$ cat coords01.cif   # mmCIF, C-alpha atoms
data_entry
#
loop_
_atom_site.group_PDB
_atom_site.id
_atom_site.type_symbol
_atom_site.label_atom_id
_atom_site.label_comp_id
_atom_site.auth_asym_id
_atom_site.auth_seq_id
_atom_site.Cartn_x
_atom_site.Cartn_y
_atom_site.Cartn_z
ATOM 1 C CA MET A 22 105.243 78.456 86.170
ATOM 2 C CA ALA A 23 103.860 81.949 85.572
ATOM 3 C CA GLN A 24 105.848 84.406 87.679
ATOM 4 C CA TYR A 25 108.527 87.069 87.320
ATOM 5 C CA TYR A 26 111.863 86.077 85.842
ATOM 6 C CA LEU A 27 114.645 88.586 86.495
ATOM 7 C CA VAL A 28 117.183 88.265 83.709
ATOM 8 C CA GLU A 29 120.123 90.177 82.298
ATOM 9 C CA GLU A 30 119.628 91.092 78.660
ATOM 10 C CA HIS A 31 122.665 89.093 77.531
ATOM 11 C CA ASN A 32 121.141 85.971 79.185
ATOM 12 C CA LEU A 33 117.802 86.141 77.344
ATOM 13 C CA ALA A 34 118.608 82.916 75.504
ATOM 14 C CA ALA A 35 118.006 81.129 78.844
ATOM 15 C CA LEU A 36 114.352 82.227 78.538
ATOM 16 C CA PRO A 37 113.619 81.637 74.830
ATOM 17 C CA TRP A 38 110.023 82.807 75.230
ATOM 18 C CA ALA A 39 111.217 86.218 76.484
ATOM 19 C CA GLU A 40 113.021 86.974 73.235
ATOM 20 C CA LYS A 41 109.734 86.768 71.312
ATOM 21 C CA ALA A 42 107.354 88.084 73.987
ATOM 22 C CA GLN A 43 105.352 91.287 73.801
ATOM 23 C CA ARG A 44 107.666 94.095 74.976
ATOM 24 C CA MET A 45 106.769 96.964 77.241
ATOM 25 C CA GLY A 46 108.525 99.486 79.426
ATOM 26 C CA PHE A 47 108.443 99.163 83.203
ATOM 27 C CA LEU A 48 106.132 102.151 83.764
ATOM 28 C CA ASP A 49 103.754 100.837 81.078
ATOM 29 C CA PHE A 50 103.753 97.483 82.871
ATOM 30 C CA LEU A 51 102.868 99.170 86.188
ATOM 31 C CA ARG A 52 99.967 100.984 84.508
ATOM 32 C CA ALA A 53 98.802 97.746 82.882
ATOM 33 C CA VAL A 54 98.685 95.796 86.158
ATOM 34 C CA GLN A 55 96.734 98.580 87.863
ATOM 35 C CA ASN A 56 93.902 98.288 85.315
ATOM 36 C CA ASP A 57 90.975 96.084 86.208
ATOM 37 C CA PRO A 58 91.256 93.716 84.434
ATOM 38 C CA PRO A 59 94.988 94.172 83.793
ATOM 39 C CA ALA A 60 95.902 95.214 80.258
ATOM 40 C CA LEU A 61 98.132 92.178 79.781
ATOM 41 C CA PRO A 62 97.757 89.031 77.699
ATOM 42 C CA ARG A 63 96.262 85.939 79.342
ATOM 43 C CA ASN A 64 98.275 82.673 79.281
ATOM 44 C CA ASP A 65 101.085 84.375 77.423
ATOM 45 C CA PHE A 66 104.464 86.057 77.832
ATOM 46 C CA VAL A 67 105.587 89.647 78.451
ATOM 47 C CA ARG A 68 109.052 91.178 78.398
ATOM 48 C CA VAL A 69 109.445 94.252 80.610
ATOM 49 C CA ASP A 70 112.453 96.531 80.060
ATOM 50 C CA GLY A 71 113.754 99.537 81.943
ATOM 51 C CA ILE A 72 113.287 98.997 85.666
ATOM 52 C CA GLU A 73 116.863 100.136 86.267
ATOM 53 C CA ASP A 74 116.287 103.365 84.318
ATOM 54 C CA VAL A 75 113.189 104.203 86.334
ATOM 55 C CA LEU A 76 114.947 103.545 89.638
ATOM 56 C CA LEU A 77 118.000 105.578 88.604
ATOM 57 C CA ALA A 78 115.745 108.497 87.685
ATOM 58 C CA ALA A 79 114.299 108.397 91.217
ATOM 59 C CA ARG A 80 117.647 109.262 92.827
ATOM 60 C CA PRO A 81 118.181 110.289 95.595
ATOM 61 C CA LYS A 82 114.964 108.517 96.649
ATOM 62 C CA MET A 83 115.716 105.268 94.832
ATOM 63 C CA ASP A 84 115.101 103.076 97.901
ATOM 64 C CA ASP A 85 111.719 104.701 98.561
ATOM 65 C CA MET A 86 110.686 104.250 94.928
ATOM 66 C CA ALA A 87 111.794 100.597 94.965
ATOM 67 C CA ARG A 88 109.658 99.963 98.060
ATOM 68 C CA GLU A 89 106.693 101.654 96.356
ATOM 69 C CA PHE A 90 107.145 99.418 93.289
ATOM 70 C CA HIS A 91 107.206 96.401 95.616
ATOM 71 C CA ARG A 92 103.928 97.534 97.182
ATOM 72 C CA MET A 93 102.282 98.097 93.786
ATOM 73 C CA LEU A 94 103.400 94.756 92.360
ATOM 74 C CA ALA A 95 102.440 92.846 95.509
ATOM 75 C CA LYS A 96 98.977 94.407 95.325
ATOM 76 C CA ALA A 97 98.630 93.149 91.726
ATOM 77 C CA ALA A 98 99.795 89.592 92.531
ATOM 78 C CA LYS A 99 96.353 87.921 92.495
ATOM 79 C CA LYS A 100 95.484 89.551 89.177
ATOM 80 C CA LEU A 101 98.743 88.353 87.621
ATOM 81 C CA GLN A 102 98.268 84.827 88.971
ATOM 82 C CA ARG A 103 94.787 84.673 87.413
ATOM 83 C CA LEU A 104 96.169 85.859 84.071
ATOM 84 C CA ASN A 105 98.872 83.158 84.117
ATOM 85 C CA THR A 106 101.237 85.517 82.309
ATOM 86 C CA PHE A 107 104.989 84.884 82.387
ATOM 87 C CA VAL A 108 106.870 88.158 82.971
ATOM 88 C CA ALA A 109 110.552 88.597 82.100
ATOM 89 C CA MET A 110 112.014 91.630 83.912
ATOM 90 C CA VAL A 111 115.005 92.413 81.722
ATOM 91 C CA VAL A 112 117.947 94.509 82.906
ATOM 92 C CA ARG A 113 120.780 95.709 80.699
ATOM 93 C CA THR A 114 123.558 95.585 83.287
ATOM 94 C CA LYS A 115 124.891 93.001 85.734
ATOM 95 C CA VAL A 116 122.652 91.530 88.432
ATOM 96 C CA VAL A 117 124.645 90.820 91.596
ATOM 97 C CA PRO A 118 123.130 87.992 93.682
ATOM 98 C CA GLY A 119 123.607 87.450 97.388
ATOM 99 C CA ASP A 120 121.777 88.314 100.582
ATOM 100 C CA GLN A 121 120.604 91.414 98.735
ATOM 101 C CA LEU A 122 120.021 91.377 94.977
ATOM 102 C CA TRP A 123 121.509 94.432 93.241
ATOM 103 C CA ILE A 124 121.910 95.751 89.719
ATOM 104 C CA GLU A 125 125.504 96.879 89.274
ATOM 105 C CA HIS A 126 125.095 100.005 87.143
ATOM 106 C CA PRO A 127 128.118 102.194 86.277
ATOM 107 C CA THR A 128 126.670 105.135 88.244
ATOM 108 C CA ALA A 129 124.985 103.407 91.202
ATOM 109 C CA ARG A 130 124.075 100.131 92.877
ATOM 110 C CA ILE A 131 120.376 99.654 92.225
ATOM 111 C CA PRO A 132 118.550 97.881 95.110
ATOM 112 C CA LEU A 133 116.531 95.303 93.158
ATOM 113 C CA TYR A 134 116.020 93.359 96.404
ATOM 114 C CA LEU A 135 113.707 96.122 97.652
ATOM 115 C CA VAL A 136 111.337 95.317 94.784
ATOM 116 C CA PHE A 137 111.715 91.542 94.349
ATOM 117 C CA GLY A 138 113.555 90.290 97.431
ATOM 118 C CA SER A 139 116.657 88.173 96.886
ATOM 119 C CA PRO A 140 115.604 85.042 95.019
ATOM 120 C CA ALA A 141 117.884 82.034 94.761
ATOM 121 C CA GLY A 142 120.046 81.949 91.668
ATOM 122 C CA GLY A 143 121.865 78.985 90.186
ATOM 123 C CA GLN A 144 120.535 79.804 86.724
ATOM 124 C CA PRO A 145 121.092 82.731 84.353
ATOM 125 C CA PHE A 146 117.780 84.146 85.635
ATOM 126 C CA TYR A 147 116.028 84.594 88.985
ATOM 127 C CA PRO A 148 112.432 83.364 89.351
ATOM 128 C CA VAL A 149 110.233 85.366 91.736
ATOM 129 C CA SER A 150 106.607 84.558 92.552
ATOM 130 C CA PHE A 151 104.023 87.257 91.880
ATOM 131 C CA ASN A 152 103.284 87.574 95.609
ATOM 132 C CA LEU A 153 106.890 88.759 96.184
ATOM 133 C CA SER A 154 106.956 86.859 99.452
ATOM 134 C CA SER A 155 110.732 87.128 99.617
ATOM 135 C CA GLY A 156 110.617 90.922 99.142
ATOM 136 C CA MET A 157 111.465 93.577 101.710
#
$ encode --input "coords01.cif" --output "structure tokens"
Amino acid sequence: MAQYYLVEEHNLAALPWAEKAQRMGFLDFLRAVQNDPPALPRNDFVRVDGIEDVLLAARPKMDDMAREFHRMLAKAAKKLQRLNTFVAMVVRTKVVPGDQLWIEHPTARIPLYLVFGSPAGGQPFYPVSFNLSSGM
């Protein structure tokens, strides 16, 4: 199913398509989804790197920036659903599941749940629908 897949870089083998997908940075992805039509491939796969770097750079307003990313991605949900593009959101460090999904970075806990909610785990990746219905 075309949606977001949050995955740690060392678990990419669990999403074989993500290893070969077109790569782009997180800010480039945000720009692409804001285009009309979005500058993304149709019925294909995209690997997005760097969300943790962008959120870390927003300190001390990391939470506010995460909420803004949630708003922007939720607004683009219908476009992404029409494109039927699978999106792997790849993070380099550990994703900590629970009531609130975090990225455990050496310098800070990154509130990924403010962007994507806290999807159920049980796999080496976390699927999240484009509408981000479980988001904050």
$ closest_residue --input "coords01.cif" --among "A:Arg44, A:Arg52, A:Arg130, A:His31" --to "A:Gly71" --atoms "only C-alpha atoms"
A:Arg44
$ atom_distance --input "coords01.cif" --atom1 "atom CA of A:Met45" --atom2 "atom CA of A:Arg63"
15.4 Å
$ resolve_selection --input "coords01.cif" --expression "the PyMOL selection byres ((chain A and resi 104) around 10)" --output "PyMOL selection string"
chain A and resi 23+58-59+61-65+98-103+105-107
$ closest_residue --input "coords01.cif" --among "A:Val117, A:Ile131, A:Met110, A:Met86" --to "A:Leu33" --atoms "only C-alpha atoms"
A:Met110
$ closest_residue --input "coords01.cif" --among "A:Ala42, A:Ala97, A:Arg113, A:Asp84" --to "A:Pro132" --atoms "all atoms listed in the file"
A:Asp84
$ closest_atom_pairs --input "coords01.cif" --of "stretch 39-132 of chain A" --to "stretch 138-150 of chain A" --cutoff "10 Å" --atoms "only C-alpha atoms" --output "tab-separated table"
residue	atom	partner	partner_atom	distance
A:His91	CA	A:Gly138	CA	9.0
A:Ala95	CA	A:Ser150	CA	9.7
A:Ala98	CA	A:Ser150	CA	8.5
A:Gln102	CA	A:Ser150	CA	9.1
A:Val108	CA	A:Pro148	CA	9.7
A:Ala109	CA	A:Pro148	CA	9.1
A:Met110	CA	A:Tyr147	CA	9.6
A:Val111	CA	A:Phe146	CA	9.6
A:Val116	CA	A:Phe146	CA	9.3
A:Val117	CA	A:Ser139	CA	9.9
A:Pro118	CA	A:Gly142	CA	7.1
A:Gly119	CA	A:Ser139	CA	7.0
A:Asp120	CA	A:Ser139	CA	6.3
A:Gln121	CA	A:Ser139	CA	5.4
A:Leu122	CA	A:Ser139	CA	5.0
A:Trp123	CA	A:Ser139	CA	8.7
A:Pro132	CA	A:Gly138	CA	9.4
$ atom_distance --input "coords01.cif" --atom1 "atom CA of A:Gln55" --atom2 "atom CA of A:Lys96"
8.8 Å
